[in-house]
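Presented below is the structure to which this report refers.
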Amino acid sequence: MQSNPTVTALSFSNLLLAEPLLNAVKKLGYLTPTPVQQQAIPIALDYKDLLVSAETGSGKTVAFLLPTLDHLLTLTSTSFGTRALILAPTRELAQQIFKQCQQLIEYTDLTVGIITGGEDFRLQQNMLRRNTEVVIATPGRLLELMEQETPNFSHLEVLILDEADRMLDMGFSEAVLSIANSCNAQRQTLLFSATLTHFGVIKMADKLLKNHEVVALNTLHDGHRNIEQQIIVADDNDHKQKLLAWLLLNETYDKALVFTNSRIQADTLRGPLRGQKLRVGVLHGEMDQKERNRMMELYRDGEVKIMIATDLAARGLDIKGINLVINFDVPRNGINYIHRIGRTGRVDELGLTIALVKSTEWNLMSGIERFLKQTFKRRTIKELEGKYKGPKKLKTSGKAAGIKNKIEPKKADKEKVKVRHRDQKNIGKRRTPSKPKSVEPQEPNT
């Protein structure tokens, strides 16, 4: 069922939330609900299942936390076990939801816990046994705990899937369905995704949601209105490193995020950039969890202004002040591109994204433009202009114009016959067979 209600809420008080939550919202300085919050919160407060599509940075976390916390405060329960479970694809996103939840429950007696890989297994088991009401988890670690029969979701009241499309892309489909099937069948389910055009999301919604409402604020092809998207061509990776250093030294930004396709490339870039007196950090999946947490804190606090990251950080990295995103490597597909650039231009802020493209990546970048139905701005840095200028322009009558050369179909080969002048004169005349020439007999050789 599609829902697109008229947005009438002017403040959070219009949403009729519990007083402790309104106090927390006020302390956080939230004045007006974002569009996704204005549309999703009233439906979720009615305890309906919900499928929501909205771009990153639109306030989705608050959109599902506030109605869930309001439900837990309004309807007290004496049953044992977790009351609300939030699944997130990455540890970083789970951490950010956890911190947001802590801020919103400041004036309540509600408890929240987090379960992610890289942390003490026994401490997480003990947290679950203490009847923690809100649990935020990544699917992998939660399944490990379920094998030990630790979590009790038989009385779960709300199940939330955040960044559902990303969880599917990371191969968590079976894990998510397994977890959902272990939960109370009478629960409310809220499914949030960056797009509704992901076939897996619709398929999962059909399995998990009952008579649900849909809030679709964007589709996959919607442009990022607050983001200027640029392309700079490069000769090779060495040329790219020079362009990257120039951009980080000359562009104006509070925080910059540089994406690579591999951890090796991320580690390789750190040294040369530090040699330019730049405050640079690295974030990828091969790092120890404590080191990842430390690096995130340094970046959040501004001690590190530039973060080089793999796609691990493309989802859930919700840090204020990121207004420059550079794709050192062109992402492998349009979905990854969307989530990379979504780290900037959040809510009402402006952002700049720059993709460094060498010849072997041109077709990939062009494919992303076609996929998103957008054309990115071409840019040249005069001081570092390279030899590669992009693909050579072809004649407009050829492939560049999108028209194939017209080729006449081959006709069946016919035997070529030489037509003589006298034959043409005799056309239509009856020919009489000529008499055979007489041949005089020759005497045999003796």
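Ordering of the structure tokens sets the chain letters (A, B, ...); residue numbers start at 1 within each chain; ligands are numbered from 1 in the order shown.
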Sorted by chain and rising residue number, which residues of range 116-206 of chain A lie within 6 Å of range 37-52 of chain A, and what are their closest atom pairs and distances in Å to one decimal, counting only C-alpha atoms, as CSV?
```
residue,atom,partner,partner_atom,distance
A:Gln188,CA,A:Asp49,CA,5.5
A:Thr189,CA,A:Asp49,CA,5.0
A:Leu190,CA,A:Leu50,CA,4.8
A:Leu191,CA,A:Leu51,CA,4.9
A:Phe192,CA,A:Val52,CA,4.8
```
Set the distance at 12 Å and use only C-alpha atoms: which residues neighbour range 384-394 of chain A once local chain neighbours fewer than 3 positions away are removed? I'd like the list as an mmCIF file with N, CA and C atoms, in the first residue's frame.
```cif
data_model
loop_
_atom_site.group_PDB
_atom_site.id
_atom_site.type_symbol
_atom_site.label_atom_id
_atom_site.label_comp_id
_atom_site.auth_asym_id
_atom_site.auth_seq_id
_atom_site.Cartn_x
_atom_site.Cartn_y
_atom_site.Cartn_z
ATOM 1 N N ILE A 231 34.234 15.016 -12.697
ATOM 2 C CA ILE A 231 35.143 13.985 -13.202
ATOM 3 C C ILE A 231 36.443 14.653 -13.643
ATOM 4 N N ILE A 232 37.573 14.100 -13.231
ATOM 5 C CA ILE A 232 38.886 14.542 -13.706
ATOM 6 C C ILE A 232 39.590 13.328 -14.298
ATOM 7 N N VAL A 233 40.010 13.419 -15.566
ATOM 8 C CA VAL A 233 40.685 12.282 -16.199
ATOM 9 C C VAL A 233 42.156 12.268 -15.800
ATOM 10 N N ALA A 234 42.713 11.049 -15.731
ATOM 11 C CA ALA A 234 44.104 10.876 -15.301
ATOM 12 C C ALA A 234 44.795 9.861 -16.204
ATOM 13 N N ASP A 235 46.113 9.992 -16.312
ATOM 14 C CA ASP A 235 46.886 9.087 -17.167
ATOM 15 C C ASP A 235 47.032 7.706 -16.528
ATOM 16 N N ASP A 236 47.345 7.682 -15.227
ATOM 17 C CA ASP A 236 47.582 6.423 -14.518
ATOM 18 C C ASP A 236 47.468 6.693 -13.021
ATOM 19 N N ASN A 237 47.814 5.701 -12.190
ATOM 20 C CA ASN A 237 47.693 5.862 -10.744
ATOM 21 C C ASN A 237 48.671 6.886 -10.179
ATOM 22 N N ASP A 238 49.869 6.998 -10.762
ATOM 23 C CA ASP A 238 50.823 8.017 -10.306
ATOM 24 C C ASP A 238 50.262 9.413 -10.545
ATOM 25 N N HIS A 239 49.654 9.595 -11.708
ATOM 26 C CA HIS A 239 49.024 10.877 -12.027
ATOM 27 C C HIS A 239 47.866 11.134 -11.064
ATOM 28 N N LYS A 240 47.121 10.080 -10.760
ATOM 29 C CA LYS A 240 46.011 10.208 -9.813
ATOM 30 C C LYS A 240 46.506 10.684 -8.442
ATOM 31 N N GLN A 241 47.641 10.136 -7.993
ATOM 32 C CA GLN A 241 48.168 10.532 -6.678
ATOM 33 C C GLN A 241 48.514 12.013 -6.651
ATOM 34 N N LYS A 242 49.052 12.526 -7.738
ATOM 35 C CA LYS A 242 49.381 13.952 -7.815
ATOM 36 C C LYS A 242 48.110 14.802 -7.804
ATOM 37 N N LEU A 243 47.093 14.349 -8.559
ATOM 38 C CA LEU A 243 45.823 15.068 -8.580
ATOM 39 C C LEU A 243 45.164 15.051 -7.198
ATOM 40 N N LEU A 244 45.217 13.907 -6.539
ATOM 41 C CA LEU A 244 44.617 13.773 -5.209
ATOM 42 C C LEU A 244 45.271 14.728 -4.226
ATOM 43 N N ALA A 245 46.609 14.754 -4.224
ATOM 44 C CA ALA A 245 47.332 15.644 -3.311
ATOM 45 C C ALA A 245 46.985 17.106 -3.598
ATOM 46 N N TRP A 246 46.900 17.458 -4.882
ATOM 47 C CA TRP A 246 46.572 18.845 -5.246
ATOM 48 C C TRP A 246 45.189 19.215 -4.741
ATOM 49 N N LEU A 247 44.238 18.337 -4.928
ATOM 50 C CA LEU A 247 42.862 18.615 -4.500
ATOM 51 C C LEU A 247 42.776 18.778 -2.984
ATOM 52 N N LEU A 356 38.336 10.471 -10.021
ATOM 53 C CA LEU A 356 39.546 10.456 -10.832
ATOM 54 C C LEU A 356 39.471 9.240 -11.748
ATOM 55 N N VAL A 357 39.481 9.479 -13.055
ATOM 56 C CA VAL A 357 39.179 8.417 -14.015
ATOM 57 C C VAL A 357 40.322 8.248 -15.001
ATOM 58 N N LYS A 358 40.906 7.063 -15.036
ATOM 59 C CA LYS A 358 41.917 6.769 -16.050
ATOM 60 C C LYS A 358 41.272 6.014 -17.206
ATOM 61 N N SER A 359 42.034 5.778 -18.265
ATOM 62 C CA SER A 359 41.447 5.245 -19.497
ATOM 63 C C SER A 359 40.735 3.914 -19.282
ATOM 64 N N THR A 360 41.312 3.041 -18.447
ATOM 65 C CA THR A 360 40.707 1.723 -18.234
ATOM 66 C C THR A 360 39.423 1.796 -17.408
ATOM 67 N N GLU A 361 39.135 2.975 -16.826
ATOM 68 C CA GLU A 361 37.928 3.138 -16.016
ATOM 69 C C GLU A 361 36.853 3.963 -16.708
ATOM 70 N N TRP A 362 37.167 4.470 -17.903
ATOM 71 C CA TRP A 362 36.234 5.379 -18.558
ATOM 72 C C TRP A 362 34.885 4.718 -18.839
ATOM 73 N N ASN A 363 34.903 3.517 -19.357
ATOM 74 C CA ASN A 363 33.651 2.835 -19.670
ATOM 75 C C ASN A 363 32.838 2.577 -18.407
ATOM 76 N N MET A 365 32.887 4.428 -15.644
ATOM 77 C CA MET A 365 32.322 5.705 -15.218
ATOM 78 C C MET A 365 31.147 6.109 -16.115
ATOM 79 N N SER A 366 31.290 5.897 -17.409
ATOM 80 C CA SER A 366 30.197 6.219 -18.332
ATOM 81 C C SER A 366 28.981 5.354 -18.047
ATOM 82 N N ARG A 378 32.763 17.715 -16.258
ATOM 83 C CA ARG A 378 34.175 17.452 -16.572
ATOM 84 C C ARG A 378 35.028 18.612 -16.068
ATOM 85 N N ARG A 379 36.171 18.291 -15.497
ATOM 86 C CA ARG A 379 37.035 19.323 -14.921
ATOM 87 C C ARG A 379 38.490 19.025 -15.256
ATOM 88 N N THR A 380 39.278 20.080 -15.432
ATOM 89 C CA THR A 380 40.715 19.947 -15.715
ATOM 90 C C THR A 380 41.501 20.819 -14.744
ATOM 91 N N ILE A 381 42.573 20.273 -14.218
ATOM 92 C CA ILE A 381 43.492 21.058 -13.379
ATOM 93 C C ILE A 381 44.700 21.406 -14.255
ATOM 94 N N SER A 397 28.879 10.721 -38.117
ATOM 95 C CA SER A 397 28.139 9.769 -38.936
ATOM 96 C C SER A 397 28.377 8.341 -38.479
ATOM 97 N N GLY A 398 29.313 8.173 -37.573
ATOM 98 C CA GLY A 398 29.648 6.831 -37.130
ATOM 99 C C GLY A 398 29.074 6.499 -35.787
ATOM 100 N N LYS A 399 29.856 5.740 -35.010
ATOM 101 C CA LYS A 399 29.385 5.231 -33.730
ATOM 102 C C LYS A 399 29.128 6.335 -32.728
ATOM 103 N N ALA A 400 29.891 7.443 -32.820
ATOM 104 C CA ALA A 400 29.720 8.519 -31.839
ATOM 105 C C ALA A 400 28.321 9.083 -31.889
ATOM 106 N N ALA A 401 27.697 9.052 -33.023
ATOM 107 C CA ALA A 401 26.343 9.571 -33.162
ATOM 108 C C ALA A 401 25.301 8.534 -32.793
ATOM 109 N N GLY A 402 25.774 7.360 -32.463
ATOM 110 C CA GLY A 402 24.853 6.305 -32.070
ATOM 111 C C GLY A 402 24.181 5.640 -33.251
ATOM 112 N N ILE A 403 24.756 5.833 -34.481
ATOM 113 C CA ILE A 403 24.160 5.261 -35.685
ATOM 114 C C ILE A 403 25.150 4.287 -36.298
#
```
Give me, as a ChimeraX atom specification, all polymer residues having an atom no more than 7 Å from Arg141 in chain A, counting only C-alpha atoms and skipping those fewer than 5 positions away in the same chain.
/A:115-117
Fewer than 2 positions away in the same chain doesn't count, so skip those; otherwise give me all residues within 9 Å of Ile227 in chain A, counting only C-alpha atoms, as an MDAnalysis selection string.
chainID A and resid 223:225 229 323 341:342 344:346 349:353
Next, write the just-selected residues to a file, as a short mmCIF file (atom, residue, chain, number, x, y, z; two decimals), in the first residue's frame, keeping C-alpha atoms as the atom set.
```
data_model
loop_
_atom_site.label_atom_id
_atom_site.label_comp_id
_atom_site.auth_asym_id
_atom_site.auth_seq_id
_atom_site.Cartn_x
_atom_site.Cartn_y
_atom_site.Cartn_z
CA GLY A 223 19.96 13.14 -8.34
CA HIS A 224 21.69 14.43 -5.25
CA ARG A 225 20.53 18.04 -5.35
CA GLN A 229 29.60 15.80 -9.10
CA ASN A 323 31.92 18.16 2.33
CA ILE A 341 28.82 10.24 -2.49
CA GLY A 342 25.96 10.04 0.02
CA THR A 344 28.38 14.39 1.78
CA GLY A 345 25.57 16.81 0.95
CA ARG A 346 23.52 15.48 3.85
CA GLU A 349 24.49 20.87 3.49
CA LEU A 350 26.38 21.26 0.22
CA GLY A 351 28.96 18.77 -0.94
CA LEU A 352 31.48 18.20 -3.73
CA THR A 353 32.41 14.81 -5.19
#
```
Residues of range 146-367 of chain A in strand (DSSP E), written as a PyMOL selection string
chain A and resi 158-161+188-193+213-216+227-233+255-259+280-283+306-309+322-327+351-357
Surrounding residues of Val62 in chain A excluding itself and chain neighbours under 5 positions, 12 Å, only C-alpha atoms, as an MDAnalysis selection string:
chainID A and resid 12 21 24:25 28 30 33:38 40:41 44 57 67:70 96:105 162 192
